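Source file: target_7.cif. Holds: mmCIF, C-alpha atoms and all ligand atoms.
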```cif
data_work
loop_
_atom_site.label_atom_id
_atom_site.label_comp_id
_atom_site.auth_asym_id
_atom_site.auth_seq_id
_atom_site.Cartn_x
_atom_site.Cartn_y
_atom_site.Cartn_z
CA MET P 17 -50.43 -26.17 -30.04
CA VAL P 18 -49.40 -29.12 -27.95
CA ALA P 19 -51.73 -29.14 -24.97
CA ASP P 20 -49.55 -29.17 -21.89
CA THR P 21 -52.21 -28.42 -19.33
CA GLY P 22 -51.90 -31.84 -17.78
CA ASP P 23 -48.46 -30.87 -16.58
CA ARG P 24 -48.92 -27.48 -14.96
CA THR P 25 -45.94 -27.75 -12.64
CA SER P 26 -43.55 -27.94 -15.60
CA ARG P 27 -44.27 -24.33 -16.48
CA SER P 28 -41.43 -22.04 -15.57
CA ALA P 29 -41.84 -19.02 -13.33
CA SER P 30 -41.16 -16.81 -16.35
CA ILE P 31 -44.46 -18.00 -17.81
CA ARG P 32 -46.51 -18.14 -14.63
CA GLU P 33 -46.14 -14.39 -14.09
CA TYR P 34 -48.28 -13.77 -17.20
CA ILE P 35 -51.03 -16.29 -16.43
CA ALA P 36 -54.45 -15.06 -15.32
CA TYR P 37 -56.46 -18.32 -15.50
CA ASP P 38 -55.05 -21.80 -15.19
CA ASP P 39 -58.00 -23.83 -13.93
CA ALA P 40 -58.70 -27.39 -15.01
CA ALA P 41 -62.07 -26.27 -16.38
CA ILE P 42 -63.11 -22.74 -17.33
CA ALA P 43 -66.48 -21.56 -18.66
CA LEU P 44 -66.69 -18.31 -20.64
CA VAL P 45 -70.34 -17.46 -20.03
CA GLY P 46 -72.60 -15.10 -21.95
CA VAL P 47 -70.15 -14.35 -24.75
CA ASP P 48 -70.73 -13.58 -28.42
CA VAL P 49 -68.91 -16.20 -30.48
CA ILE P 50 -67.41 -15.70 -33.93
CA ASP P 51 -66.14 -19.20 -34.54
CA GLY P 52 -63.76 -18.89 -37.49
CA THR P 53 -65.92 -20.73 -40.03
CA GLY P 54 -67.13 -17.47 -41.53
CA THR P 55 -70.67 -17.83 -40.20
CA ALA P 56 -72.36 -14.99 -38.36
CA VAL P 57 -71.82 -14.13 -34.70
CA ARG P 58 -73.75 -16.28 -32.20
CA ARG P 59 -74.95 -14.27 -29.21
CA ASN P 60 -75.07 -15.23 -25.54
CA GLN P 61 -73.01 -18.42 -25.72
CA THR P 62 -70.93 -20.39 -23.26
CA VAL P 63 -67.54 -21.75 -24.28
CA LEU P 64 -66.28 -24.50 -22.01
CA ILE P 65 -62.54 -25.13 -21.78
CA GLU P 66 -61.25 -28.36 -20.29
CA GLY P 67 -57.89 -30.10 -20.52
CA GLY P 68 -56.57 -27.50 -22.91
CA ARG P 69 -59.37 -28.08 -25.39
CA ILE P 70 -62.78 -26.68 -26.18
CA ALA P 71 -65.13 -29.07 -24.40
CA GLY P 72 -68.40 -27.43 -25.39
CA VAL P 73 -69.95 -24.45 -27.15
CA GLY P 74 -73.64 -23.64 -26.83
CA GLY P 75 -76.33 -21.30 -25.62
CA ALA P 76 -75.50 -19.80 -22.22
CA ASP P 77 -78.93 -20.90 -20.99
CA SER P 78 -78.60 -24.48 -22.16
CA LEU P 79 -74.97 -25.66 -22.12
CA ALA P 80 -74.22 -27.68 -19.00
CA VAL P 81 -71.19 -26.42 -17.08
CA PRO P 82 -69.47 -28.87 -14.71
CA ALA P 83 -69.62 -27.91 -11.04
CA HIS P 84 -65.83 -27.66 -10.73
CA ALA P 85 -65.46 -25.22 -13.62
CA ARG P 86 -64.34 -21.68 -12.97
CA ILE P 87 -67.07 -19.38 -14.28
CA LEU P 88 -66.15 -16.15 -16.04
CA GLU P 89 -69.22 -13.97 -16.60
CA LEU P 90 -68.41 -12.19 -19.85
CA ARG P 91 -71.57 -10.60 -21.17
CA GLY P 92 -70.69 -7.85 -23.67
CA HIS P 93 -67.55 -9.70 -24.78
CA THR P 94 -66.73 -11.41 -28.05
CA VAL P 95 -64.71 -14.63 -28.27
CA VAL P 96 -62.78 -15.47 -31.43
CA PRO P 97 -60.23 -18.18 -32.20
CA GLY P 98 -56.61 -17.26 -31.47
CA LEU P 99 -55.23 -15.45 -34.50
CA VAL P 100 -52.83 -17.35 -36.75
CA GLY P 101 -50.23 -14.90 -38.04
CA MET P 102 -48.77 -15.98 -41.37
CA HIS P 103 -46.11 -13.35 -41.98
CA ASP P 104 -44.86 -12.73 -38.48
CA HIS P 105 -41.11 -12.34 -38.36
CA THR P 106 -38.96 -12.64 -35.24
CA HIS P 107 -36.89 -9.80 -36.68
CA MET P 108 -37.55 -6.31 -37.97
CA PRO P 109 -35.49 -4.42 -40.53
CA GLY P 110 -32.42 -3.18 -38.65
CA ILE P 111 -32.41 -5.76 -35.88
CA THR P 112 -32.01 -9.49 -36.38
CA PHE P 113 -33.90 -10.99 -33.45
CA ILE P 114 -36.77 -9.65 -31.37
CA GLY P 115 -38.29 -13.05 -30.65
CA GLY P 116 -38.75 -12.52 -26.90
CA ALA P 117 -40.56 -9.18 -27.17
CA ALA P 118 -42.46 -10.31 -30.25
CA SER P 119 -43.73 -13.41 -28.47
CA ARG P 120 -45.17 -11.36 -25.62
CA LEU P 121 -46.70 -8.87 -28.05
CA TRP P 122 -48.23 -11.59 -30.21
CA LEU P 123 -49.87 -13.30 -27.29
CA ALA P 124 -51.03 -10.01 -25.76
CA SER P 125 -52.64 -9.17 -29.11
CA GLY P 126 -54.51 -12.46 -29.41
CA VAL P 127 -52.07 -14.18 -31.77
CA THR P 128 -51.62 -17.78 -30.60
CA THR P 129 -49.83 -19.23 -33.64
CA VAL P 130 -47.35 -17.71 -36.08
CA GLN P 131 -45.51 -18.78 -39.21
CA THR P 132 -42.60 -16.43 -39.60
CA ALA P 133 -42.19 -16.23 -43.41
CA GLY P 134 -38.43 -15.86 -43.36
CA SER P 135 -35.96 -15.66 -40.51
CA ALA P 136 -32.86 -13.54 -39.96
CA GLU P 137 -31.72 -15.79 -37.09
CA PRO P 138 -33.15 -19.24 -37.74
CA GLU P 139 -31.28 -20.95 -34.88
CA ALA P 140 -32.59 -18.49 -32.31
CA GLU P 141 -36.07 -18.71 -33.80
CA ALA P 142 -36.20 -22.51 -33.75
CA LYS P 143 -34.83 -22.50 -30.21
CA LEU P 144 -37.55 -20.08 -29.08
CA ALA P 145 -40.20 -22.24 -30.76
CA ARG P 146 -38.95 -25.29 -28.84
CA ALA P 147 -38.82 -23.39 -25.55
CA ILE P 148 -42.43 -22.23 -26.00
CA ASP P 149 -43.54 -25.78 -26.85
CA ALA P 150 -41.77 -27.06 -23.73
CA GLY P 151 -43.46 -24.48 -21.50
CA GLU P 152 -40.16 -22.72 -20.79
CA ALA P 153 -40.95 -19.48 -22.60
CA VAL P 154 -44.11 -17.48 -23.15
CA GLY P 155 -45.50 -16.96 -26.64
CA PRO P 156 -47.54 -18.36 -29.48
CA THR P 157 -46.86 -21.66 -31.19
CA ILE P 158 -44.16 -20.79 -33.73
CA PHE P 159 -43.72 -22.48 -37.09
CA PRO P 160 -40.10 -21.46 -37.74
CA THR P 161 -38.69 -20.67 -41.15
CA ALA P 162 -35.16 -20.96 -42.45
CA GLN P 163 -32.99 -18.09 -43.63
CA TYR P 164 -34.38 -16.37 -46.74
CA LEU P 165 -33.28 -17.97 -49.98
CA THR P 166 -32.41 -15.55 -52.75
CA GLY P 167 -30.20 -15.11 -55.82
CA PRO P 168 -26.77 -13.58 -56.43
CA ASP P 169 -28.21 -10.02 -56.55
CA GLY P 170 -29.96 -10.33 -53.20
CA ASN P 171 -28.76 -8.38 -50.18
CA GLY P 172 -28.85 -8.89 -46.43
CA PRO P 173 -28.31 -11.98 -44.29
CA MET P 174 -29.73 -14.46 -46.76
CA SER P 175 -28.73 -17.79 -48.24
CA LYS P 176 -27.69 -17.67 -51.88
CA PRO P 177 -27.29 -21.27 -52.98
CA ALA P 178 -25.04 -21.48 -56.05
CA SER P 179 -26.61 -24.63 -57.46
CA ALA P 180 -29.77 -26.69 -57.24
CA GLU P 181 -27.86 -29.39 -55.39
CA GLN P 182 -26.57 -26.90 -52.84
CA ALA P 183 -30.10 -25.59 -52.40
CA ARG P 184 -31.39 -29.09 -51.71
CA GLU P 185 -28.64 -29.64 -49.18
CA LEU P 186 -29.51 -26.39 -47.40
CA VAL P 187 -33.17 -27.35 -47.27
CA ARG P 188 -32.32 -30.71 -45.72
CA GLU P 189 -30.05 -29.07 -43.15
CA TRP P 190 -32.53 -26.36 -42.16
CA ALA P 191 -35.37 -28.87 -42.01
CA ALA P 192 -33.33 -31.05 -39.66
CA ASP P 193 -32.70 -27.95 -37.52
CA GLY P 194 -36.42 -27.26 -37.12
CA ALA P 195 -37.46 -25.12 -40.08
CA THR P 196 -41.02 -25.92 -41.09
CA TRP P 197 -41.30 -23.40 -43.93
CA PHE P 198 -38.92 -21.89 -46.47
CA LYS P 199 -39.09 -18.42 -47.93
CA LEU P 200 -38.00 -17.62 -51.45
CA TYR P 201 -36.92 -14.02 -51.82
CA ARG P 202 -36.94 -11.51 -54.64
CA HIS P 203 -33.85 -12.55 -56.61
CA ILE P 204 -34.24 -16.33 -56.42
CA GLN P 205 -33.33 -18.06 -59.68
CA PRO P 206 -35.91 -20.35 -61.31
CA ASP P 207 -33.84 -23.56 -61.17
CA ILE P 208 -32.97 -22.94 -57.50
CA ALA P 209 -36.59 -22.16 -56.65
CA ALA P 210 -37.77 -25.37 -58.27
CA ALA P 211 -35.15 -27.38 -56.35
CA VAL P 212 -36.10 -25.75 -53.02
CA ILE P 213 -39.79 -26.46 -53.55
CA GLU P 214 -39.21 -30.06 -54.55
CA GLU P 215 -36.81 -30.79 -51.69
CA ALA P 216 -38.94 -28.99 -49.10
CA HIS P 217 -41.93 -31.08 -50.12
CA ALA P 218 -39.82 -34.23 -49.93
CA GLN P 219 -39.01 -33.20 -46.33
CA GLY P 220 -42.68 -32.56 -45.53
CA ARG P 221 -42.09 -28.80 -45.40
CA LYS P 222 -43.72 -25.88 -47.18
CA VAL P 223 -42.49 -22.96 -49.26
CA THR P 224 -43.66 -19.40 -49.56
CA GLY P 225 -42.23 -16.50 -51.50
CA HIS P 226 -41.87 -12.77 -51.68
CA LEU P 227 -41.50 -12.94 -55.42
CA CYS P 228 -40.00 -10.64 -58.02
CA SER P 229 -37.69 -12.66 -60.28
CA LEU P 230 -40.50 -15.21 -60.63
CA THR P 231 -44.03 -14.40 -61.67
CA PHE P 232 -46.86 -15.74 -59.54
CA ARG P 233 -47.73 -18.01 -62.46
CA GLU P 234 -44.22 -19.47 -62.66
CA ALA P 235 -44.06 -20.09 -58.92
CA ALA P 236 -47.54 -21.63 -58.85
CA LEU P 237 -46.63 -24.03 -61.64
CA MET P 238 -43.49 -25.02 -59.71
CA GLY P 239 -45.73 -26.01 -56.81
CA ILE P 240 -45.09 -23.18 -54.35
CA ASP P 241 -47.44 -23.41 -51.37
CA SER P 242 -47.94 -19.74 -50.63
CA ILE P 243 -47.24 -16.26 -52.00
CA GLU P 244 -46.78 -13.15 -49.86
CA HIS P 245 -48.10 -9.59 -50.19
CA GLY P 246 -50.56 -9.95 -53.07
CA LEU P 247 -50.79 -7.85 -56.22
CA ILE P 248 -48.01 -5.43 -55.22
CA SER P 249 -45.35 -8.04 -56.00
CA ALA P 250 -46.98 -9.75 -58.97
CA ALA P 251 -44.51 -9.54 -61.87
CA ASP P 252 -47.05 -11.26 -64.09
CA PHE P 253 -48.20 -8.06 -65.80
CA ILE P 254 -44.77 -6.72 -66.79
CA GLU P 255 -44.43 -6.61 -70.58
CA ASP P 256 -41.51 -8.69 -71.90
CA LYS P 257 -40.25 -9.46 -68.42
CA PRO P 258 -36.75 -10.96 -68.65
CA GLU P 259 -36.96 -14.49 -67.25
CA GLY P 260 -35.52 -14.91 -63.77
CA GLU P 261 -34.80 -11.21 -63.40
CA CYS P 262 -36.26 -9.01 -60.67
CA VAL P 263 -37.59 -5.77 -62.14
CA SER P 264 -39.93 -3.25 -60.53
CA THR P 265 -43.66 -3.98 -60.67
CA ARG P 266 -44.49 -0.32 -59.96
CA HIS P 267 -45.73 0.60 -63.44
CA SER P 268 -47.29 -2.70 -64.43
CA VAL P 269 -49.28 -2.94 -61.20
CA ALA P 270 -50.44 0.67 -61.49
CA ALA P 271 -51.51 0.07 -65.10
CA ILE P 272 -53.30 -3.26 -64.78
CA GLN P 273 -57.08 -3.03 -64.42
CA LEU P 274 -58.69 -5.65 -62.22
CA GLY P 275 -61.31 -6.20 -64.91
CA ASP P 276 -58.54 -7.27 -67.31
CA PRO P 277 -59.07 -10.96 -68.12
CA ARG P 278 -55.40 -11.63 -67.29
CA VAL P 279 -56.14 -10.89 -63.63
CA ALA P 280 -59.01 -13.37 -63.40
CA GLU P 281 -56.90 -15.88 -65.31
CA LEU P 282 -54.00 -15.55 -62.85
CA ILE P 283 -56.32 -15.83 -59.86
CA GLY P 284 -57.92 -18.90 -61.43
CA LEU P 285 -54.50 -20.51 -61.79
CA LEU P 286 -53.55 -19.75 -58.16
CA VAL P 287 -56.81 -21.24 -56.93
CA ARG P 288 -56.46 -24.36 -59.11
CA GLU P 289 -52.88 -24.89 -57.94
CA GLN P 290 -54.05 -24.35 -54.32
CA VAL P 291 -51.61 -21.54 -53.70
CA THR P 292 -52.30 -19.64 -50.48
CA LEU P 293 -52.06 -15.85 -50.63
CA THR P 294 -50.93 -13.83 -47.61
CA SER P 295 -52.54 -10.45 -47.03
CA THR P 296 -49.99 -8.05 -45.52
CA LEU P 297 -52.09 -4.89 -45.70
CA ALA P 298 -50.72 -3.53 -42.40
CA ILE P 299 -47.20 -3.01 -43.77
CA ILE P 300 -48.50 -2.08 -47.22
CA GLU P 301 -50.61 0.68 -45.66
CA SER P 302 -47.44 2.23 -44.19
CA HIS P 303 -46.29 3.16 -47.73
CA PHE P 304 -49.32 5.37 -48.31
CA PRO P 305 -49.06 8.97 -47.07
CA HIS P 306 -52.84 9.43 -46.96
CA ARG P 307 -53.21 6.58 -44.49
CA PRO P 308 -52.98 6.38 -40.68
CA GLN P 309 -49.41 5.68 -39.59
CA GLY P 310 -48.12 4.55 -36.20
CA ASP P 311 -50.62 4.56 -33.36
CA GLU P 312 -49.64 5.71 -29.88
CA ARG P 313 -49.44 2.25 -28.37
CA SER P 314 -47.00 1.12 -31.10
CA LEU P 315 -44.86 4.27 -31.00
CA ALA P 316 -44.54 3.88 -27.21
CA LEU P 317 -42.76 0.55 -27.71
CA LEU P 318 -40.18 1.81 -30.23
CA SER P 319 -36.65 2.47 -29.03
CA PRO P 320 -35.55 6.12 -29.20
CA ALA P 321 -33.58 5.41 -32.37
CA TRP P 322 -36.55 3.83 -34.12
CA ARG P 323 -38.88 6.51 -32.83
CA GLN P 324 -36.62 9.11 -34.42
CA ALA P 325 -36.51 7.16 -37.69
CA TYR P 326 -40.30 7.06 -37.59
CA ASP P 327 -40.57 10.84 -37.21
CA GLU P 328 -38.09 11.42 -40.05
CA ARG P 329 -40.03 9.07 -42.28
CA GLN P 330 -43.28 10.85 -41.52
CA THR P 331 -41.68 14.12 -42.64
CA ARG P 332 -40.55 12.51 -45.90
CA LEU P 333 -43.98 10.96 -46.49
CA ALA P 334 -45.65 14.32 -45.96
CA GLU P 335 -43.23 16.01 -48.36
CA THR P 336 -43.93 13.50 -51.13
CA ALA P 337 -47.66 13.14 -50.49
CA ALA P 338 -48.66 15.42 -53.35
CA ASP P 339 -46.88 13.52 -56.12
CA THR P 340 -46.60 9.98 -54.82
CA SER P 341 -47.62 6.97 -56.87
CA MET P 342 -49.00 5.47 -53.65
CA THR P 343 -52.51 6.77 -54.19
CA PRO P 344 -55.78 5.86 -52.48
CA ALA P 345 -56.86 4.18 -55.72
CA LEU P 346 -53.78 1.93 -55.67
CA LEU P 347 -54.39 0.75 -52.10
CA ALA P 348 -58.04 0.12 -53.00
CA LYS P 349 -56.81 -2.00 -55.93
CA PHE P 350 -54.56 -4.10 -53.66
CA MET P 351 -57.52 -4.66 -51.34
CA ALA P 352 -59.89 -5.51 -54.20
CA PHE P 353 -57.40 -8.06 -55.56
CA GLU P 354 -57.51 -9.89 -52.23
CA ARG P 355 -61.30 -9.89 -52.35
CA MET P 356 -61.26 -11.25 -55.92
CA PHE P 357 -58.88 -14.02 -54.89
CA ALA P 358 -61.04 -15.05 -51.90
CA ASP P 359 -64.28 -14.75 -53.90
CA ALA P 360 -62.78 -17.10 -56.50
CA GLY P 361 -62.24 -19.70 -53.77
CA GLY P 362 -58.63 -18.88 -52.93
CA ARG P 363 -57.26 -19.35 -49.44
CA LEU P 364 -56.32 -15.92 -48.14
CA VAL P 365 -54.33 -15.75 -44.89
CA MET P 366 -52.99 -12.73 -43.03
CA GLY P 367 -49.85 -11.41 -41.39
CA PRO P 368 -48.41 -7.96 -40.67
CA ASP P 369 -44.84 -8.36 -42.03
CA PRO P 370 -43.52 -6.37 -39.05
CA GLY P 371 -41.45 -3.32 -39.95
CA ARG P 372 -41.29 0.40 -39.14
CA HIS P 373 -44.19 1.08 -36.73
CA VAL P 374 -46.04 -2.09 -37.74
CA LEU P 375 -45.30 -4.33 -34.77
CA PRO P 376 -45.80 -8.02 -34.09
CA GLY P 377 -49.31 -8.54 -32.71
CA TYR P 378 -50.52 -4.97 -33.04
CA GLY P 379 -49.84 -5.32 -36.77
CA ASN P 380 -51.96 -8.49 -36.89
CA GLN P 381 -54.84 -6.53 -35.36
CA ARG P 382 -54.36 -3.71 -37.89
CA GLY P 383 -54.32 -6.28 -40.68
CA PHE P 384 -57.65 -7.58 -39.42
CA GLU P 385 -59.19 -4.10 -39.49
CA LEU P 386 -57.89 -3.60 -43.02
CA LEU P 387 -59.46 -6.86 -44.21
CA VAL P 388 -62.81 -5.50 -43.04
CA GLU P 389 -62.06 -2.22 -44.80
CA ALA P 390 -61.28 -4.28 -47.91
CA GLY P 391 -64.88 -5.49 -47.84
CA PHE P 392 -64.75 -8.75 -45.92
CA THR P 393 -67.36 -9.19 -43.22
CA VAL P 394 -66.07 -9.48 -39.66
CA PRO P 395 -66.71 -13.27 -39.57
CA GLU P 396 -64.91 -13.63 -42.92
CA ALA P 397 -61.98 -11.62 -41.60
CA VAL P 398 -61.83 -13.87 -38.52
CA ARG P 399 -61.75 -16.90 -40.78
CA ILE P 400 -58.90 -15.39 -42.83
CA ALA P 401 -56.95 -14.32 -39.73
CA ALA P 402 -57.37 -17.61 -37.86
CA ALA P 403 -58.87 -20.69 -39.53
CA ASN P 404 -57.37 -20.14 -42.98
CA GLY P 405 -53.93 -19.80 -41.42
CA ALA P 406 -54.39 -23.01 -39.48
CA ASP P 407 -55.49 -24.74 -42.68
CA ALA P 408 -52.43 -23.44 -44.53
CA LEU P 409 -50.22 -24.76 -41.74
CA GLY P 410 -51.89 -28.17 -41.96
CA VAL P 411 -53.35 -28.00 -38.45
CA GLY P 412 -56.83 -26.76 -39.30
CA ASP P 413 -58.52 -29.99 -38.23
CA GLY P 414 -57.71 -29.24 -34.59
CA SER P 415 -57.08 -25.52 -34.24
CA GLY P 416 -58.04 -22.13 -35.65
CA ARG P 417 -61.75 -22.51 -35.00
CA ILE P 418 -64.09 -22.55 -32.03
CA ALA P 419 -65.54 -26.04 -32.10
CA ASN P 420 -65.81 -29.05 -29.84
CA GLY P 421 -62.50 -30.85 -29.40
CA TYR P 422 -60.44 -28.03 -30.92
CA VAL P 423 -57.42 -26.68 -29.07
CA ALA P 424 -58.53 -23.94 -26.69
CA ASP P 425 -56.65 -21.10 -28.38
CA LEU P 426 -59.15 -18.28 -27.81
CA VAL P 427 -59.26 -14.51 -27.54
CA VAL P 428 -61.68 -12.71 -25.24
CA LEU P 429 -62.40 -9.22 -26.57
CA ASP P 430 -64.13 -6.49 -24.61
CA GLY P 431 -66.96 -5.32 -26.87
CA ASP P 432 -69.02 -6.30 -29.89
CA LEU P 433 -66.52 -7.20 -32.61
CA ALA P 434 -69.27 -7.92 -35.13
CA ALA P 435 -70.43 -4.31 -34.82
CA GLU P 436 -67.00 -2.66 -34.50
CA PRO P 437 -63.84 -4.22 -36.01
CA SER P 438 -61.49 -2.14 -33.82
CA VAL P 439 -62.71 -4.23 -30.86
CA ILE P 440 -60.00 -6.65 -32.07
CA ARG P 441 -57.63 -4.38 -30.10
CA ASN P 442 -59.52 -4.77 -26.81
CA VAL P 443 -57.97 -8.05 -25.74
CA GLU P 444 -59.04 -8.91 -22.22
CA ALA P 445 -57.62 -12.43 -22.03
CA VAL P 446 -55.86 -14.81 -24.38
CA PHE P 447 -56.15 -18.55 -23.94
CA LYS P 448 -53.43 -20.73 -25.39
CA ASP P 449 -53.90 -24.46 -24.95
CA GLY P 450 -56.58 -23.55 -22.42
CA VAL P 451 -54.31 -21.38 -20.25
CA GLY P 452 -55.49 -17.78 -19.90
CA PHE P 453 -52.88 -15.02 -20.24
CA ASP P 454 -53.15 -11.40 -19.11
CA PRO P 455 -52.35 -9.03 -22.01
CA GLY P 456 -51.48 -6.13 -19.72
CA ARG P 457 -48.80 -8.10 -17.94
CA LEU P 458 -47.41 -9.38 -21.25
CA VAL P 459 -46.92 -5.87 -22.63
CA ALA P 460 -45.78 -4.21 -19.38
CA GLY P 461 -42.10 -3.30 -19.52
CA LEU P 462 -41.81 -3.35 -23.32
CA GLU P 463 -41.93 0.45 -23.64
CA GLY P 464 -38.95 1.67 -25.66
CA GLN P 465 -37.68 -1.88 -26.07
CA LEU P 466 -38.29 -2.47 -29.79
CA GLY P 467 -35.26 -1.58 -31.86
CA PRO P 468 -31.68 -0.58 -31.12
CA ARG P 469 -31.19 1.98 -28.36
ZN ZN G 501 -41.48 -10.05 -44.57
#
```
How does the structure come out when it is put into structure tokens?
Amino acid sequence: MVADTGDRTSRSASIREYIAYDDAAIALVGVDVIDGTGTAVRRNQTVLIEGGRIAGVGGADSLAVPAHARILELRGHTVVPGLVGMHDHTHMPGITFIGGAASRLWLASGVTTVQTAGSAEPEAEAKLARAIDAGEAVGPTIFPTAQYLTGPDGNGPMSKPASAEQARELVREWAADGATWFKLYRHIQPDIAAAVIEEAHAQGRKVTGHLCSLTFREAALMGIDSIEHGLISAADFIEDKPEGECVSTRHSVAAIQLGDPRVAELIGLLVREQVTLTSTLAIIESHFPHRPQGDERSLALLSPAWRQAYDERQTRLAETAADTSMTPALLAKFMAFERMFADAGGRLVMGPDPGRHVLPGYGNQRGFELLVEAGFTVPEAVRIAAANGADALGVGDGSGRIANGYVADLVVLDGDLAAEPSVIRNVEAVFKDGVGFDPGRLVAGLEGQLGPR
């Protein structure tokens, strides 16, 4: 989110090809504004962009626009803050780094900032983040994470520190290499988790977790900053859960009623301890056979191998649809839990957790639609998908909202988002640090590129 608009010439040709608007001052005139604070849409506004920042927001009839500003007449369009994706990997299961394609997809989808919530190739990710900051690569501002930290039973390319001291050392090393967040994974041991959290905080970094061995309560009391996925991975309701052991939450989560006082008690604790919760409904939806699966635009980007895997998975889902535990009532419960958390004052953020057909960027948009389906109003969903993320990243005083002096990270949507949440897909232009990008050019050429050939 470093405004680099004063130094236009430093931008490489590889970025310039995607730029639609790069004027010193730009006025978005006649737009409907949903500003990220959660308040209702304001109709017929002008948003003035100058020097990479928002220089004014007001009624289109009253806000003064400087003579040198480029005027974009945008009646019938909605402007929202750039989305802040909070579980936006640079990898997908089966391939360790898709940072280049993901960055174009994020930006094309209106995502101007991401926190990756665990990296499979932290060096490549941190390098990409630096290149984007320096204006040498196109993409959102990236808050890189280190390699996942897990326990001896964990699988995949993850760190498994053998002692608390080794964990602290790893945190110091990754932090020096550019990691801003750390991700605890399912088999992390309690003493290691506590050491990671303490050392990360000492380094001015934050910690999130896809938990299993730890309950939400245990992690919250250790001081974890954020928890991923919501109720689906809460081990808190397992009877006689062995400490530090990852066991399936399938039955306990199916059995727990949201009216059970233990649920309100847990949510109360998370809110008191200021633990952020990340909604990842887009990937969660993909487990449910009764739900929409990959849309055409996403399937078109999958490599032939992944497209085939998608088709095979759809067959399996259809075969098991009759006797699956992934019922409509269970998805409704996951959604209602997120509402309860937010209603209790908890900071809910959103990310897609890219995997299968849930792609970077497109998955953020799907997650937005699902928040509205969960019962949030469109302005509330914008706050969750943008401002709350910025707040969780510690940059909410200057980005994530549409307000005077804020960084001009903005999405221009064709249509009335307040009336129709799917308008979130109709990105006409994306401004990052006041520079307007063309979504069509960003996506062009990515067909068949996601996944191994
Ligand atoms: Zn993930």
Query - Distance query stretch 136-149 of chain P at most 7 Å, all atoms listed in the file, self and fewer than 5 positions along chain excluded, as a VMD selection string - result: chain P and resid 18 106 to 107 112 to 113 115 154 to 155 157 to 158 160 to 163 173 194 to 195
Query raised in the report: What do you get as a list in words if you pick all residues at most 8 Å from ligand ZN 501 (chain G), counting only C-alpha atoms and all ligand atoms?
Result: His103, Asp104, His105, Ala133, Gly134, His226, Asp369 and Pro370 of chain P
Query - Residue among P:Leu315, P:Leu237, P:Val365, P:Ile272 lying closest to P:Ala251, counting all atoms listed in the file - result: P:Ile272
Query raised in the report: Interatomic distance between atom CA of P:Phe392 and atom CA of P:Ile300?
Result: 17.6 Å
Query raised in the report: Contacts of stretch 202-216 of chain P at 10 Å or less, counting all atoms listed in the file, minus same-chain residues fewer than 3 places along, as a ChimeraX atom specification?
Result: /P:164-171,175-188,190-191,195-199,219-230,234-235,237-241,249,259-263
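By chain and then residue number, the residues within 6 Å of P:Asp454 are P:Tyr34, P:Ile35, P:Ala36, P:Ala445, counting all atoms listed in the file and disregarding those fewer than 4 positions away in sequence.
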Report summary line: From the list P:Gly414, P:Pro437, P:Gly362, P:Gly371, the nearest residue to P:Glu389 using all atoms listed in the file is P:Pro437
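Taking all atoms listed in the file, the non-local environment of P:Glu301 within 9 Å (same-chain residues fewer than 6 positions away omitted) comprises P:Arg307, P:Pro308, P:Gln309, P:Leu347, P:Leu386.
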Query raised in the report: Neighbours of stretch 122-127 of chain P within 10 Å (only C-alpha atoms; same-chain residues fewer than 5 positions away dropped), as an MDAnalysis selection string?
Result: chainID P and resid 34 96:101 104 117 154:157 375:381 401:402 425:429 440:448 453:459
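Candidate residues P:Leu90, P:Met356, P:Val374, P:Ala40 were compared for distance to P:Ile299, and the nearest is P:Val374, using all atoms listed in the file.
One distance worth recording is that between atom CA of P:Leu317 and atom CA of P:Ala118, which is 11.2 Å.
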Report summary line: As a check of understanding: the span from atom CA of P:Val423 to atom CA of P:Val63 is 12.2 Å
Requested in this report: Counting all atoms listed in the file, figure out which residue out of P:Lys257, P:Arg355, P:Lys349, P:Arg372 gets nearest to P:Trp322.
Outcome: P:Arg372
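If all atoms listed in the file are the atoms counted, then among P:Ser314, P:Gly450, P:Ser415, P:Asp432 the closest residue to P:Thr129 is P:Ser415.
Among the candidate residues P:Arg32, P:His373, P:Arg313, P:His217, the one lying nearest to P:Gly467 is P:His373, with distances computed using only C-alpha atoms.
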